[in-house]
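S.K.: The structure is given below, and queries will be raised subsequently.
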Amino acid sequence: MSVRTKWILLALTFCLLLLPWLFKWFSAEEKKATWLWDASIIAEQTPDIISFSKEQGVDVIFLQLQDEVPDDTYRKFIASARQAEIQVHALNGHSDWAYQEKREEGLAFIERIRAYNAASAKNERFEGIQLDVEPYQLQRWEDEQDSVIAEWSDNMKAWTTAGKDAGLYMSAAIPFWLDARQASEGGGSLSRWVISQFDAVAIMAYRDSGQQMYDLSREELDEADELGKDVWIGAELADTHEGEHLTFFRKSISNMDEEIAKVFNLGSSHSSFAGVAVHHYEAWYAKENGIPLARKSDEKE
């Protein structure tokens with residue numbers, strides 16, 4: 001074998017070794033998710049929503065279920081999304097769903113999705129469920145945090161069991177600081193326990209810095225790496241009373257894109273990194289299209 005042939009074979013071997021990493025890097029770079037809270041808009045705006053999502057690299061939409069939106073409207077939207085290779089996950093949750101007496105409401109929601117899927121064609125079905133339950137917004141969290149965590153954990157076990165039995169991919173939106181709370185069952189952080197129950201989590205690591213977004217999510221990414229689960233890192237685009245450092249609301253599109261690119265670059269070192277989840281579609285669409293959104297301080301009380 002000539003020296004030249006040896007070098008060619010060596011180069012080919014090196015390229016083959018790099019392929020898995022390159023594939024992950026490029027696929028992660030393109031993957032985004034977004035929350036769509038106002039489901040009423042899908043009746044008239046499905047083409048725009050799908051086109052915009054595809055253009056922005058979205059492959060998962062968390063779509064809220066609303067009673068006033070007919071099932072057939074959801075079926076048409078999901079079929080259009082699936083044709084564009086975008087998954088749609090049913091979104092719901094309330095802060096008090098963490099309480100034991102509210103467990104059945106979460107189970108009823110999961111049953112509603114199971115029944116909807118059973119009555120729908122394959123290309124019209126929700127592929128997963130995302131639960132957004134934030135009990136720390138209520139006073140009882142301050143007064144009885146340990147008992148709330150215990151009830152919330154029992155509810156999550158019931159919900160994930162029901163969801164998986166229905167063949168649904170189960171995810172949860174969680175704050176970045178759950179790694180600083182202990183699981184009620186002991187043996188580690190609450191974030192690790194939650195990640196172990198769900199297929200994926202979306203970390204609400206809302207900052208206007210890509211480095212900070214990653215830093216706030218790193219513990220959960222490490223935990224998910226070990227557990228073989230997926231993590232989206234959340235980015236906030238809407239206005240908030242909690243501080244302008246938490247959102248890209250007043251930042252330029254170029255600045256936002258630069259910071260989100262940093263998240264992809266940093267997150268790509270984790271096998272669990274599923275991409276960036278943008279909160280939320282309406283704010284994102286408005287920002288990209290130069291549509292002014294009212295600031296919270298300008299809204300009527």
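How things are named: the first chain in the structure tokens is A, the next is B, and so on; residues count from 1 in each chain; ligands count from 1 in the order shown.
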Could you list, as a PDB file with N, CA, C and O atoms, in the first residue's frame, every residue within 6 Å of A:Phe249, counting only C-alpha atoms and ignoring same-chain residues fewer than 2 positions away?

M.R.:
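See result_20.pdb below for the written result:
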```
ATOM      1  N   LEU A 237     -39.245  35.861  24.721  1.00  0.00           N
ATOM      2  CA  LEU A 237     -39.301  36.990  23.786  1.00  0.00           C
ATOM      3  C   LEU A 237     -40.368  37.997  24.164  1.00  0.00           C
ATOM      4  O   LEU A 237     -40.379  39.115  23.656  1.00  0.00           O
ATOM      5  N   ALA A 238     -41.283  37.615  25.053  1.00  0.00           N
ATOM      6  CA  ALA A 238     -42.379  38.499  25.418  1.00  0.00           C
ATOM      7  C   ALA A 238     -41.955  39.458  26.529  1.00  0.00           C
ATOM      8  O   ALA A 238     -40.901  39.298  27.154  1.00  0.00           O
ATOM      9  N   ASP A 239     -42.797  40.458  26.781  1.00  0.00           N
ATOM     10  CA  ASP A 239     -42.543  41.409  27.856  1.00  0.00           C
ATOM     11  C   ASP A 239     -42.815  40.726  29.197  1.00  0.00           C
ATOM     12  O   ASP A 239     -43.584  39.775  29.279  1.00  0.00           O
ATOM     13  N   THR A 247     -35.606  38.758  29.119  1.00  0.00           N
ATOM     14  CA  THR A 247     -36.285  38.632  27.830  1.00  0.00           C
ATOM     15  C   THR A 247     -35.545  39.373  26.725  1.00  0.00           C
ATOM     16  O   THR A 247     -34.780  40.306  26.978  1.00  0.00           O
ATOM     17  N   LYS A 251     -34.666  43.709  22.745  1.00  0.00           N
ATOM     18  CA  LYS A 251     -33.409  43.505  22.023  1.00  0.00           C
ATOM     19  C   LYS A 251     -33.676  43.411  20.527  1.00  0.00           C
ATOM     20  O   LYS A 251     -34.761  43.035  20.083  1.00  0.00           O
TER      21      LYS A 251
END
```

S.K.: I want to know what sits within 6 Å of stretch 177-179 of chain A, based on only C-alpha atoms, with residues of the same chain fewer than 3 positions away left out; could you give that as number ranges by chain?

M.R.: A: 189-191

S.K.: I want to know what sits within 12 Å of A:Phe198, based on only C-alpha atoms, with residues of the same chain fewer than 6 positions away left out; could you give that as a list in words?

M.R.: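 Listing them by chain and then by number gives Gly128, Ile129, Gln130, Leu131, Ser153, Met156, Lys157, Ala158, Trp159, Thr160, Thr161, Ala162, Gly163, Lys164, Leu168, Tyr169, Met170, Ser171, Ala172, Ala173, Ile174, Ser191, Arg192, Ala224, Leu227, Gly228, Lys229, Asp230 and Val231 of chain A.
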
S.K.: Of the candidates A:Val148, A:Ala118, A:Ala235, A:Ala180, which one gets nearest to A:His279 if we count only C-alpha atoms?

M.R.: A:Ala235

S.K.: Give me, please, the distance in Å between atom CA of A:Tyr116 and atom CA of A:Arg75, quoted to one decimal.

M.R.: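 Computing it gives 9.3 Å between the two atoms.
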
S.K.: Need to verify the contact set: A:Trp35, 6 Å, only C-alpha atoms, exclusion of same-chain residues closer than 5 positions in sequence. Can you return it as a list of chain:residue names?

M.R.: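 Once the nearby chain positions are removed, what remains is A:Ile61, A:Phe62, A:His279, A:His280, A:Tyr281.
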
S.K.: When DSSP works through the backbone of this structure, what residues of stretch 79-156 of chain A end up as helix (DSSP H, G or I), shown as a PyMOL selection string?

M.R.: chain A and resi 79-83+95-98+100-118+122-124+135-137+139-143+145-156

S.K.: Out of A:Ala261, A:Ala277, A:Met256, A:Ile149, which residue has the shortest atom-to-atom distance to A:Ala200 when counting only C-alpha atoms?

M.R.: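 Comparing A:Ala261, A:Ala277, A:Met256, A:Ile149 against A:Ala200, the winner is A:Ala277.
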
S.K.: Got a sec: who's within 9 Å of A:Asp96, counting only C-alpha atoms, leaving out chain neighbours fewer than 6 positions off, as a list in words?

M.R.: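 After dropping sequence-adjacent residues, the list is Lys102, Val133, Glu134, Pro135 and Leu138 of chain A.
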
S.K.: Could you check which of A:Glu151, A:Glu105, A:Glu111, A:Asp67 is closest to A:Glu185, using only C-alpha atoms?

M.R.: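 Smallest separation from A:Glu185 among the options: A:Glu151.
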